[in-house]
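Asks: Hey, dropping final.cif in here, mmCIF, C-alpha atoms:
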```
data_start
#
loop_
_atom_site.label_atom_id
_atom_site.label_comp_id
_atom_site.auth_asym_id
_atom_site.auth_seq_id
_atom_site.Cartn_x
_atom_site.Cartn_y
_atom_site.Cartn_z
CA MET A 1 142.95 107.90 88.69
CA ALA A 2 142.72 110.11 85.60
CA ASP A 3 139.49 111.66 84.40
CA GLY A 4 137.84 109.80 81.52
CA SER A 5 137.86 112.85 79.28
CA GLU A 6 141.65 112.96 79.07
CA LYS A 7 142.52 111.49 75.71
CA ASN A 8 145.18 108.76 75.81
CA ALA A 9 145.28 108.96 79.62
CA VAL A 10 146.71 105.94 81.44
CA VAL A 11 144.86 104.95 84.61
CA SER A 12 144.77 102.23 87.24
CA ASN A 13 141.81 99.84 87.00
CA LYS A 14 140.51 98.14 90.15
CA LYS A 15 138.62 94.90 89.44
CA VAL A 16 136.97 91.92 91.14
CA ILE A 17 138.51 88.69 89.88
CA PHE A 18 136.68 85.33 89.99
CA LYS A 19 139.21 82.88 91.44
CA ASP A 20 137.80 79.38 90.79
CA TYR A 21 134.58 77.40 90.42
CA VAL A 22 132.45 77.13 93.54
CA SER A 23 130.76 74.19 95.23
CA GLY A 24 128.09 74.86 97.84
CA PHE A 25 127.69 78.30 99.39
CA PRO A 26 129.95 80.94 97.76
CA LYS A 27 132.36 82.95 99.92
CA GLU A 28 133.94 86.36 99.59
CA SER A 29 137.29 84.57 99.27
CA ASP A 30 136.08 83.02 95.98
CA MET A 31 136.74 86.50 94.55
CA ALA A 32 139.71 88.84 94.85
CA VAL A 33 140.10 92.59 94.35
CA THR A 34 143.12 93.44 92.22
CA VAL A 35 144.45 96.54 90.43
CA ASP A 36 145.87 96.85 86.92
CA GLU A 37 148.16 99.85 86.82
CA ASN A 38 148.30 100.68 83.12
CA LEU A 39 145.01 100.99 81.29
CA LYS A 40 144.88 103.31 78.29
CA LEU A 41 141.60 105.17 78.00
CA LYS A 42 141.54 104.58 74.28
CA VAL A 43 139.92 101.94 72.06
CA ALA A 44 142.14 100.44 69.34
CA GLY A 45 141.10 101.91 65.98
CA ASP A 46 140.66 98.55 64.21
CA SER A 47 137.98 97.28 66.62
CA LYS A 48 134.34 98.14 67.26
CA GLY A 49 134.96 98.37 70.96
CA ILE A 50 133.30 100.56 73.58
CA LEU A 51 135.29 101.68 76.63
CA VAL A 52 133.02 102.45 79.57
CA LYS A 53 133.62 103.87 83.02
CA ASN A 54 131.42 101.76 85.27
CA LEU A 55 129.22 103.76 87.65
CA TYR A 56 126.84 101.19 89.20
CA LEU A 57 126.97 97.39 89.29
CA SER A 58 124.03 95.05 89.84
CA CYS A 59 124.13 92.06 92.21
CA ASP A 60 121.76 89.37 90.93
CA PRO A 61 121.09 85.79 92.09
CA TYR A 62 121.75 84.30 88.61
CA MET A 63 125.43 85.23 89.07
CA ARG A 64 125.78 82.26 91.43
CA LEU A 65 124.94 79.91 88.55
CA LEU A 66 127.91 81.28 86.58
CA MET A 67 130.29 80.34 89.40
CA THR A 68 130.02 76.67 88.44
CA ASN A 69 131.54 75.12 85.33
CA ARG A 70 128.15 74.55 83.72
CA SER A 71 126.52 76.63 81.03
CA SER A 72 123.16 78.18 81.87
CA GLU A 73 122.29 78.19 78.13
CA ILE A 74 121.77 81.96 78.52
CA PHE A 75 125.12 83.04 79.98
CA GLY A 76 128.34 81.06 79.90
CA PRO A 77 130.20 80.35 83.17
CA TYR A 78 132.72 82.78 84.61
CA THR A 79 136.36 82.33 83.66
CA PRO A 80 138.72 81.74 86.60
CA GLY A 81 141.28 84.54 86.74
CA ALA A 82 139.04 86.97 84.83
CA PRO A 83 136.76 89.70 86.21
CA VAL A 84 133.27 88.86 87.42
CA THR A 85 130.68 90.13 84.93
CA GLY A 86 127.13 91.31 85.41
CA PHE A 87 124.68 94.05 84.60
CA GLY A 88 125.83 97.58 85.19
CA VAL A 89 125.48 101.24 84.30
CA GLY A 90 128.38 103.08 82.71
CA LYS A 91 129.52 106.13 80.79
CA VAL A 92 131.22 105.76 77.41
CA ILE A 93 134.79 107.11 77.57
CA ASP A 94 135.82 106.14 74.04
CA SER A 95 134.20 104.21 71.21
CA THR A 96 134.98 103.02 67.70
CA ASN A 97 131.47 101.54 67.48
CA PRO A 98 129.23 103.79 65.36
CA GLU A 99 126.23 103.14 67.63
CA PHE A 100 127.84 104.72 70.70
CA LYS A 101 129.85 107.89 71.27
CA GLU A 102 131.87 109.42 74.09
CA GLY A 103 129.61 110.69 76.85
CA ASP A 104 126.75 108.23 76.22
CA LEU A 105 125.25 106.65 79.32
CA VAL A 106 124.55 102.93 78.89
CA TRP A 107 123.38 99.82 80.73
CA GLY A 108 124.08 96.17 79.94
CA ILE A 109 126.59 93.42 80.73
CA THR A 110 129.92 94.80 81.90
CA GLY A 111 132.91 93.77 84.00
CA TRP A 112 133.22 94.19 87.74
CA GLU A 113 135.94 96.78 87.36
CA GLU A 114 136.29 100.55 87.17
CA TYR A 115 136.68 100.52 83.38
CA SER A 116 135.54 97.85 80.91
CA LEU A 117 136.32 97.42 77.24
CA LEU A 118 133.15 95.99 75.69
CA LYS A 119 133.88 94.20 72.44
CA SER A 120 130.27 94.14 71.24
CA SER A 121 127.22 96.37 71.55
CA GLU A 122 124.88 93.35 71.80
CA GLY A 123 122.55 93.79 74.76
CA LEU A 124 123.85 97.31 75.46
CA PHE A 125 121.15 99.96 75.85
CA LYS A 126 121.53 103.73 75.71
CA ILE A 127 120.09 105.65 78.64
CA HIS A 128 117.95 108.57 77.48
CA HIS A 129 115.91 109.33 80.62
CA THR A 130 118.27 110.89 83.17
CA ASP A 131 115.61 112.51 85.37
CA ILE A 132 115.39 109.08 87.05
CA PRO A 133 118.30 107.95 89.30
CA LEU A 134 120.93 106.21 87.14
CA SER A 135 121.12 103.34 89.63
CA TYR A 136 117.55 102.44 88.62
CA TYR A 137 118.98 101.10 85.34
CA THR A 138 120.46 98.21 87.35
CA GLY A 139 116.95 97.49 88.63
CA ILE A 140 113.49 98.81 87.82
CA LEU A 141 114.61 100.30 84.47
CA GLY A 142 117.05 97.49 83.66
CA MET A 143 117.12 93.71 83.67
CA PRO A 144 114.96 93.13 86.81
CA GLY A 145 112.28 95.57 85.62
CA LEU A 146 112.09 93.99 82.19
CA THR A 147 112.03 90.55 83.85
CA ALA A 148 109.06 91.49 86.02
CA TYR A 149 107.26 93.08 83.06
CA GLY A 150 107.77 90.20 80.62
CA GLY A 151 107.21 87.47 83.18
CA PHE A 152 104.05 88.92 84.65
CA TYR A 153 102.27 90.49 81.69
CA GLU A 154 103.42 88.17 78.90
CA VAL A 155 103.83 84.78 80.61
CA CYS A 156 101.11 85.09 83.27
CA ALA A 157 98.60 87.10 81.17
CA PRO A 158 96.84 88.30 84.35
CA LYS A 159 93.19 89.25 84.68
CA LYS A 160 91.57 91.59 87.16
CA GLY A 161 90.56 89.87 90.39
CA GLU A 162 92.97 86.93 90.10
CA TYR A 163 94.87 85.60 93.11
CA VAL A 164 98.62 86.15 92.79
CA PHE A 165 101.45 84.78 94.96
CA VAL A 166 105.03 86.07 94.68
CA SER A 167 107.97 84.41 96.44
CA ALA A 168 111.17 86.33 97.29
CA ALA A 169 108.75 89.22 97.00
CA SER A 170 110.95 92.00 98.40
CA GLY A 171 113.76 91.33 95.93
CA ALA A 172 114.60 93.25 92.77
CA VAL A 173 111.95 91.49 90.66
CA GLY A 174 109.37 90.42 93.23
CA GLN A 175 108.69 93.92 94.55
CA LEU A 176 107.72 94.98 91.03
CA VAL A 177 105.61 91.93 90.18
CA GLY A 178 103.50 92.56 93.28
CA GLN A 179 102.93 96.20 92.36
CA PHE A 180 102.12 95.30 88.73
CA ALA A 181 99.58 92.80 90.02
CA LYS A 182 97.95 95.46 92.21
CA LEU A 183 97.78 97.82 89.20
CA MET A 184 95.84 95.03 87.43
CA GLY A 185 93.35 94.77 90.30
CA CYS A 186 94.61 91.41 91.54
CA TYR A 187 94.79 90.10 95.11
CA VAL A 188 98.50 89.75 95.96
CA VAL A 189 100.40 87.97 98.73
CA GLY A 190 104.20 87.81 98.99
CA SER A 191 106.66 85.75 101.00
CA ALA A 192 109.97 87.02 102.37
CA GLY A 193 112.55 85.95 104.96
CA THR A 194 112.31 88.62 107.70
CA GLN A 195 109.54 90.48 109.47
CA ASP A 196 110.96 93.81 108.26
CA LYS A 197 110.62 92.64 104.67
CA VAL A 198 107.07 91.46 105.33
CA GLU A 199 106.19 94.93 106.63
CA LEU A 200 107.86 96.50 103.58
CA LEU A 201 105.70 94.40 101.26
CA LYS A 202 102.49 95.46 102.96
CA ASN A 203 103.26 99.08 103.82
CA LYS A 204 105.53 100.25 100.99
CA PHE A 205 104.62 98.09 98.01
CA GLY A 206 100.92 97.68 98.73
CA PHE A 207 100.69 93.86 98.84
CA ASP A 208 97.38 92.71 100.30
CA ASP A 209 99.25 90.45 102.69
CA ALA A 210 102.65 88.86 103.24
CA PHE A 211 104.31 86.25 105.45
CA ASN A 212 107.74 85.22 106.68
CA TYR A 213 108.31 81.74 105.25
CA LYS A 214 110.92 81.00 107.94
CA GLU A 215 108.19 81.18 110.59
CA GLU A 216 105.89 78.76 108.75
CA PRO A 217 106.62 75.12 109.64
CA ASP A 218 103.97 73.98 107.12
CA LEU A 219 104.06 75.98 103.87
CA ASN A 220 101.03 74.13 102.49
CA ALA A 221 98.96 75.20 105.52
CA ALA A 222 100.29 78.77 105.26
CA LEU A 223 99.25 79.05 101.61
CA LYS A 224 95.81 77.64 102.40
CA ARG A 225 95.47 80.34 105.06
CA TYR A 226 96.37 83.18 102.68
CA PHE A 227 94.65 81.68 99.63
CA PRO A 228 91.58 79.75 100.85
CA GLU A 229 90.25 79.74 97.26
CA GLY A 230 93.60 78.84 95.71
CA ILE A 231 96.24 80.62 93.60
CA ASP A 232 95.72 81.69 89.98
CA ILE A 233 99.25 82.97 89.34
CA TYR A 234 102.49 82.05 91.08
CA PHE A 235 105.57 84.10 90.22
CA GLU A 236 108.33 81.65 91.11
CA ASN A 237 111.66 82.94 92.45
CA VAL A 238 112.48 80.29 95.04
CA GLY A 239 111.87 76.64 94.02
CA GLY A 240 112.20 73.68 96.36
CA LYS A 241 109.71 73.24 99.19
CA MET A 242 107.86 76.44 98.33
CA LEU A 243 107.17 75.26 94.77
CA ASP A 244 106.00 71.90 96.10
CA ALA A 245 103.51 73.59 98.43
CA VAL A 246 102.30 76.05 95.79
CA ILE A 247 101.46 73.28 93.31
CA LEU A 248 99.03 71.83 95.86
CA ASN A 249 97.34 75.23 96.21
CA MET A 250 97.01 76.22 92.55
CA ARG A 251 93.56 76.69 91.04
CA VAL A 252 92.42 74.86 87.91
CA HIS A 253 94.12 76.36 84.82
CA GLY A 254 96.51 78.31 87.03
CA CYS A 255 99.86 79.58 85.76
CA ILE A 256 103.34 79.37 87.28
CA ALA A 257 105.91 81.73 85.72
CA VAL A 258 109.37 80.41 86.59
CA CYS A 259 111.79 83.31 86.95
CA GLY A 260 114.35 81.68 89.24
CA MET A 261 114.90 79.19 92.07
CA ILE A 262 117.29 80.86 94.51
CA SER A 263 116.83 78.13 97.15
CA GLN A 264 118.55 75.69 94.79
CA TYR A 265 121.56 77.70 93.58
CA ASN A 266 123.95 76.65 96.35
CA ARG A 267 122.94 72.97 96.36
CA ASP A 268 125.15 70.41 94.64
CA GLN A 269 122.06 68.21 94.26
CA PRO A 270 118.79 70.09 93.58
CA GLU A 271 115.77 69.24 95.74
CA GLY A 272 113.05 67.21 94.08
CA VAL A 273 109.46 68.36 93.61
CA HIS A 274 106.93 65.75 94.72
CA ASN A 275 103.47 67.05 93.92
CA LEU A 276 103.74 67.03 90.15
CA MET A 277 100.52 65.05 89.49
CA SER A 278 98.61 68.13 90.64
CA ILE A 279 99.79 69.75 87.40
CA VAL A 280 97.68 67.19 85.56
CA TYR A 281 94.66 67.29 87.86
CA LYS A 282 94.52 71.09 87.84
CA ARG A 283 95.76 71.61 84.25
CA ILE A 284 98.45 73.98 85.51
CA ARG A 285 100.69 75.75 83.00
CA ILE A 286 104.33 76.09 84.12
CA GLU A 287 106.53 78.25 81.90
CA GLY A 288 110.10 79.40 82.25
CA PHE A 289 111.37 82.56 80.59
CA ALA A 290 114.48 84.69 80.23
CA THR A 291 114.82 88.46 80.20
CA VAL A 292 116.62 88.42 76.85
CA ASP A 293 113.33 87.22 75.31
CA TYR A 294 111.90 90.68 76.06
CA TYR A 295 114.81 92.89 74.94
CA PRO A 296 112.87 93.83 71.76
CA GLN A 297 110.10 95.20 74.01
CA TYR A 298 112.39 97.46 76.05
CA SER A 299 111.15 100.76 74.59
CA LYS A 300 107.53 99.60 75.12
CA PHE A 301 108.42 98.72 78.71
CA LEU A 302 109.89 102.19 79.31
CA ASP A 303 106.73 103.82 77.96
CA PHE A 304 104.78 101.72 80.46
CA ILE A 305 106.94 102.12 83.58
CA LEU A 306 108.33 105.67 83.44
CA PRO A 307 104.99 107.44 84.06
CA TYR A 308 104.32 105.21 87.07
CA ILE A 309 107.75 106.02 88.54
CA ARG A 310 107.39 109.76 87.94
CA GLU A 311 103.91 109.78 89.48
CA GLY A 312 105.03 107.72 92.48
CA LYS A 313 102.59 104.93 91.65
CA VAL A 314 105.33 102.29 91.47
CA LYS A 315 107.95 102.37 94.22
CA TYR A 316 111.40 100.83 94.22
CA VAL A 317 113.71 100.04 97.12
CA GLU A 318 117.47 99.74 96.64
CA ASP A 319 120.13 98.42 99.01
CA ILE A 320 123.27 100.33 98.05
CA VAL A 321 126.87 99.62 99.05
CA GLU A 322 129.76 101.84 98.03
CA GLY A 323 133.08 100.71 96.60
CA LEU A 324 134.10 97.88 94.31
CA GLU A 325 135.98 96.26 97.20
CA ASN A 326 132.61 95.71 98.93
CA GLY A 327 131.12 94.00 95.86
CA PRO A 328 131.97 90.39 96.79
CA ALA A 329 130.26 90.71 100.20
CA ALA A 330 127.21 92.24 98.50
CA ILE A 331 126.87 89.29 96.10
CA ILE A 332 127.27 86.73 98.89
CA GLY A 333 124.68 88.57 100.98
CA LEU A 334 122.00 87.83 98.39
CA PHE A 335 122.00 84.18 99.45
CA SER A 336 121.48 84.85 103.15
CA GLY A 337 118.81 87.48 102.48
CA ARG A 338 120.99 90.26 103.92
CA ASN A 339 119.87 92.78 101.29
CA VAL A 340 116.60 94.67 101.52
CA GLY A 341 115.47 95.41 97.97
CA LYS A 342 117.67 95.66 94.89
CA GLN A 343 121.36 95.19 95.73
CA VAL A 344 123.54 97.77 93.96
CA VAL A 345 127.27 98.50 94.17
CA VAL A 346 128.24 102.14 93.55
CA ILE A 347 131.65 102.61 91.96
CA ALA A 348 131.52 106.20 90.74
CA PRO A 349 128.23 108.05 91.18
CA GLN A 350 127.55 110.30 88.21
#
```
Could I get this structure in the form of structure tokens?
Replies:
Amino acid sequence: MADGSEKNAVVSNKKVIFKDYVSGFPKESDMAVTVDENLKLKVAGDSKGILVKNLYLSCDPYMRLLMTNRSSEIFGPYTPGAPVTGFGVGKVIDSTNPEFKEGDLVWGITGWEEYSLLKSSEGLFKIHHTDIPLSYYTGILGMPGLTAYGGFYEVCAPKKGEYVFVSAASGAVGQLVGQFAKLMGCYVVGSAGTQDKVELLKNKFGFDDAFNYKEEPDLNAALKRYFPEGIDIYFENVGGKMLDAVILNMRVHGCIAVCGMISQYNRDQPEGVHNLMSIVYKRIRIEGFATVDYYPQYSKFLDFILPYIREGKVKYVEDIVEGLENGPAAIIGLFSGRNVGKQVVVIAPQ
């Protein structure tokens, strides 16, 4: 492989190809690792393209939704035979786009390959703060961080002393929501799928309490145990039976911020929610949101989060695998809870 600084160099380009649309639980064999032998490290002069060398790739649950032939209304579905796409961190090798120059570090949507030619700069952010690990721009300083920030502070509008519940709480977004809630002076409980993750929530991230949902035969009873006075804010990452139980335990005028529903992504028929009349009785506000809604606030978010990271007041846990060839297994592992913290694939550490 040639170095990116060699003008007009021709390199091989390893990539993860999406083979065909998926029904049920995705498998590693739904993707294939291939190599293109002849990639020129040069952008055609008549385009506004940006050629990046990918350094870190982000594994995120929403990627499962793109493996079906249905539009998410935010991202279109993957194209069979083309590379998987997702959020990543890269270094600009060549650019005919006036906003970006060779050597710039960036994060945004890229291909699951060693080099990607980005045809647009939309949703591509320059990285200016390099005293923080670059991999953090797939997580706390990237899409998951902005998701937690917008969803918690903007959608939930929390107040000191409120009771907050976070599902999938040790994941890329949940671990941050819980810490933001503690910074606000809230009481916070999280759910996760292993005892190790429960301990992580309490001992690393400072949650007031946490439980393993797999060991709770009655989620309604579990929530009553942890929230005897009810829940003011539920940050929803799971859906299904958990959402049903939470609705019964919400306080009057409570808020549910719907970030995702990972329990439903591999189901051909989504589970129903049965306790919806409680929304009326308790005047509950349920609001979905998307990270792209908060892109204009990214610089404000950085001003907020960077001091906390540098002072050690907000912690972040990553689960890192090395090598593009290990990317498919890392994505699939999200749906069995194999990862602990933010799942990242390292291609070429800076």
Asks: Using the chain letters and numbering of this document, enumerate as a PDB file with C-alpha atoms, in the coordinates of the input the residues selected by the PyMOL selection byres ((chain A and resi 15) around 6).
Replies:
```pdb
ATOM      1  CA  LYS A  14     140.510  98.140  90.150  1.00  0.00           C
ATOM      2  CA  VAL A  16     136.970  91.920  91.140  1.00  0.00           C
ATOM      3  CA  VAL A  33     140.100  92.590  94.350  1.00  0.00           C
ATOM      4  CA  THR A  34     143.120  93.440  92.220  1.00  0.00           C
ATOM      5  CA  TRP A 112     133.220  94.190  87.740  1.00  0.00           C
ATOM      6  CA  GLU A 113     135.940  96.780  87.360  1.00  0.00           C
TER       7      GLU A 113
END
```
Asks: Specify as a compact mmCIF listing (two decimals) with C-alpha atoms, in the frame of the given file each residue included when the PyMOL selection byres ((chain A and resi 177) around 12) is applied to this file.
Replies:
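File written: out-v9.txt
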```txt
# COMPACT_ATOMS: atom_id res chain seq x y z
CA ILE A 140 113.49 98.81 87.82
CA PRO A 144 114.96 93.13 86.81
CA GLY A 145 112.28 95.57 85.62
CA LEU A 146 112.09 93.99 82.19
CA THR A 147 112.03 90.55 83.85
CA ALA A 148 109.06 91.49 86.02
CA TYR A 149 107.26 93.08 83.06
CA GLY A 150 107.77 90.20 80.62
CA GLY A 151 107.21 87.47 83.18
CA PHE A 152 104.05 88.92 84.65
CA TYR A 153 102.27 90.49 81.69
CA CYS A 156 101.11 85.09 83.27
CA PRO A 158 96.84 88.30 84.35
CA VAL A 164 98.62 86.15 92.79
CA PHE A 165 101.45 84.78 94.96
CA VAL A 166 105.03 86.07 94.68
CA SER A 167 107.97 84.41 96.44
CA ALA A 168 111.17 86.33 97.29
CA ALA A 169 108.75 89.22 97.00
CA SER A 170 110.95 92.00 98.40
CA GLY A 171 113.76 91.33 95.93
CA ALA A 172 114.60 93.25 92.77
CA VAL A 173 111.95 91.49 90.66
CA GLY A 174 109.37 90.42 93.23
CA GLN A 175 108.69 93.92 94.55
CA LEU A 176 107.72 94.98 91.03
CA GLY A 178 103.50 92.56 93.28
CA GLN A 179 102.93 96.20 92.36
CA PHE A 180 102.12 95.30 88.73
CA ALA A 181 99.58 92.80 90.02
CA LYS A 182 97.95 95.46 92.21
CA LEU A 183 97.78 97.82 89.20
CA MET A 184 95.84 95.03 87.43
CA CYS A 186 94.61 91.41 91.54
CA VAL A 188 98.50 89.75 95.96
CA VAL A 189 100.40 87.97 98.73
CA GLY A 190 104.20 87.81 98.99
CA LEU A 201 105.70 94.40 101.26
CA PHE A 205 104.62 98.09 98.01
CA GLY A 206 100.92 97.68 98.73
CA PHE A 207 100.69 93.86 98.84
CA ILE A 233 99.25 82.97 89.34
CA TYR A 234 102.49 82.05 91.08
CA PHE A 235 105.57 84.10 90.22
CA GLU A 236 108.33 81.65 91.11
CA ASN A 237 111.66 82.94 92.45
CA ALA A 257 105.91 81.73 85.72
CA CYS A 259 111.79 83.31 86.95
CA VAL A 314 105.33 102.29 91.47
CA LYS A 315 107.95 102.37 94.22
CA TYR A 316 111.40 100.83 94.22
```
Asks: Considering all atoms listed in the file, state which residue in the set A:Tyr298, A:Ser23, A:Lys241, A:Gly254 is at the smallest distance from Glu271 (chain A).
Replies: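 Closest to Glu271 (chain A) of all the choices is A:Lys241.
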Asks: Do you know which residues are at most 12 Å from region 219-228 of chain A counting all atoms listed in the file, after dropping those on the same chain fewer than 3 positions away, and could you put them as JSON, numbers by chain?
Replies: {"A": [162, 163, 164, 165, 166, 167, 187, 188, 189, 190, 191, 208, 209, 210, 211, 212, 213, 214, 215, 216, 231, 232, 233, 234, 240, 241, 242, 243, 244, 245, 246, 247, 248, 249, 250, 251, 275]}
Asks: Looking at A:Arg64, A:Lys48, A:Lys101, A:His129, which one is nearest to Ile309 (chain A), with distances taken over all atoms listed in the file?
Replies: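 Under the stated criterion, the closest residue is A:His129.
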Asks: Got a sec to resolve the PyMOL selection byres ((chain A and resi 337) around 10) on this structure and send the residues as a ChimeraX atom specification?
Replies: /A:168,170-171,192-194,197,332-336,338-341
Asks: Will you model all heavy atoms for region 33-41 of chain A and pass it back as a short mmCIF file (atom, residue, chain, number, x, y, z; two decimals), in the frame of the given file?
Replies:
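Wrote it out as result.cif, contents follow:
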```cif
data_model
loop_
_atom_site.label_atom_id
_atom_site.label_comp_id
_atom_site.auth_asym_id
_atom_site.auth_seq_id
_atom_site.Cartn_x
_atom_site.Cartn_y
_atom_site.Cartn_z
N VAL A 33 140.00 91.24 94.92
CA VAL A 33 140.10 92.59 94.35
C VAL A 33 141.55 92.85 93.98
O VAL A 33 142.45 92.72 94.81
CB VAL A 33 139.60 93.64 95.36
CG1 VAL A 33 139.74 95.05 94.77
CG2 VAL A 33 138.15 93.37 95.76
N THR A 34 141.77 93.16 92.71
CA THR A 34 143.12 93.44 92.22
C THR A 34 143.12 94.79 91.48
O THR A 34 142.06 95.36 91.21
CB THR A 34 143.62 92.34 91.25
OG1 THR A 34 142.79 92.35 90.08
CG2 THR A 34 143.55 90.96 91.89
N VAL A 35 144.32 95.27 91.15
CA VAL A 35 144.45 96.54 90.43
C VAL A 35 145.42 96.35 89.27
O VAL A 35 146.54 95.85 89.46
CB VAL A 35 144.95 97.67 91.36
CG1 VAL A 35 145.11 98.97 90.57
CG2 VAL A 35 143.99 97.88 92.53
N ASP A 36 144.97 96.73 88.07
CA ASP A 36 145.87 96.85 86.92
C ASP A 36 146.33 98.29 86.85
O ASP A 36 145.51 99.21 86.92
CB ASP A 36 145.15 96.49 85.61
CG ASP A 36 144.98 94.98 85.45
OD1 ASP A 36 145.56 94.25 86.26
OD2 ASP A 36 144.27 94.56 84.51
N GLU A 37 147.63 98.49 86.71
CA GLU A 37 148.16 99.85 86.82
C GLU A 37 148.13 100.63 85.52
O GLU A 37 148.12 101.86 85.54
CB GLU A 37 149.61 99.80 87.34
CG GLU A 37 149.73 99.27 88.77
CD GLU A 37 149.01 100.16 89.79
OE1 GLU A 37 148.70 101.32 89.48
OE2 GLU A 37 148.75 99.66 90.90
N ASN A 38 148.10 99.96 84.39
CA ASN A 38 148.30 100.68 83.12
C ASN A 38 147.19 100.40 82.12
O ASN A 38 147.34 99.57 81.22
CB ASN A 38 149.66 100.32 82.51
CG ASN A 38 150.81 100.73 83.41
OD1 ASN A 38 150.94 101.91 83.73
ND2 ASN A 38 151.63 99.77 83.82
N LEU A 39 146.09 101.10 82.26
CA LEU A 39 145.01 100.99 81.29
C LEU A 39 144.93 102.27 80.48
O LEU A 39 144.80 103.36 81.04
CB LEU A 39 143.66 100.76 81.99
CG LEU A 39 142.44 100.78 81.07
CD1 LEU A 39 142.40 99.53 80.20
CD2 LEU A 39 141.15 100.93 81.86
N LYS A 40 145.03 102.14 79.17
CA LYS A 40 144.88 103.31 78.29
C LYS A 40 143.41 103.58 78.05
O LYS A 40 142.66 102.66 77.72
CB LYS A 40 145.57 103.06 76.94
CG LYS A 40 147.02 103.47 76.90
CD LYS A 40 147.52 103.46 75.46
CE LYS A 40 148.95 103.97 75.42
NZ LYS A 40 149.49 103.93 74.04
N LEU A 41 143.00 104.82 78.22
CA LEU A 41 141.60 105.17 78.00
C LEU A 41 141.35 105.45 76.53
O LEU A 41 140.90 106.52 76.12
CB LEU A 41 141.22 106.39 78.86
CG LEU A 41 141.24 106.16 80.37
CD1 LEU A 41 140.78 107.41 81.09
CD2 LEU A 41 140.35 104.98 80.76
#
```
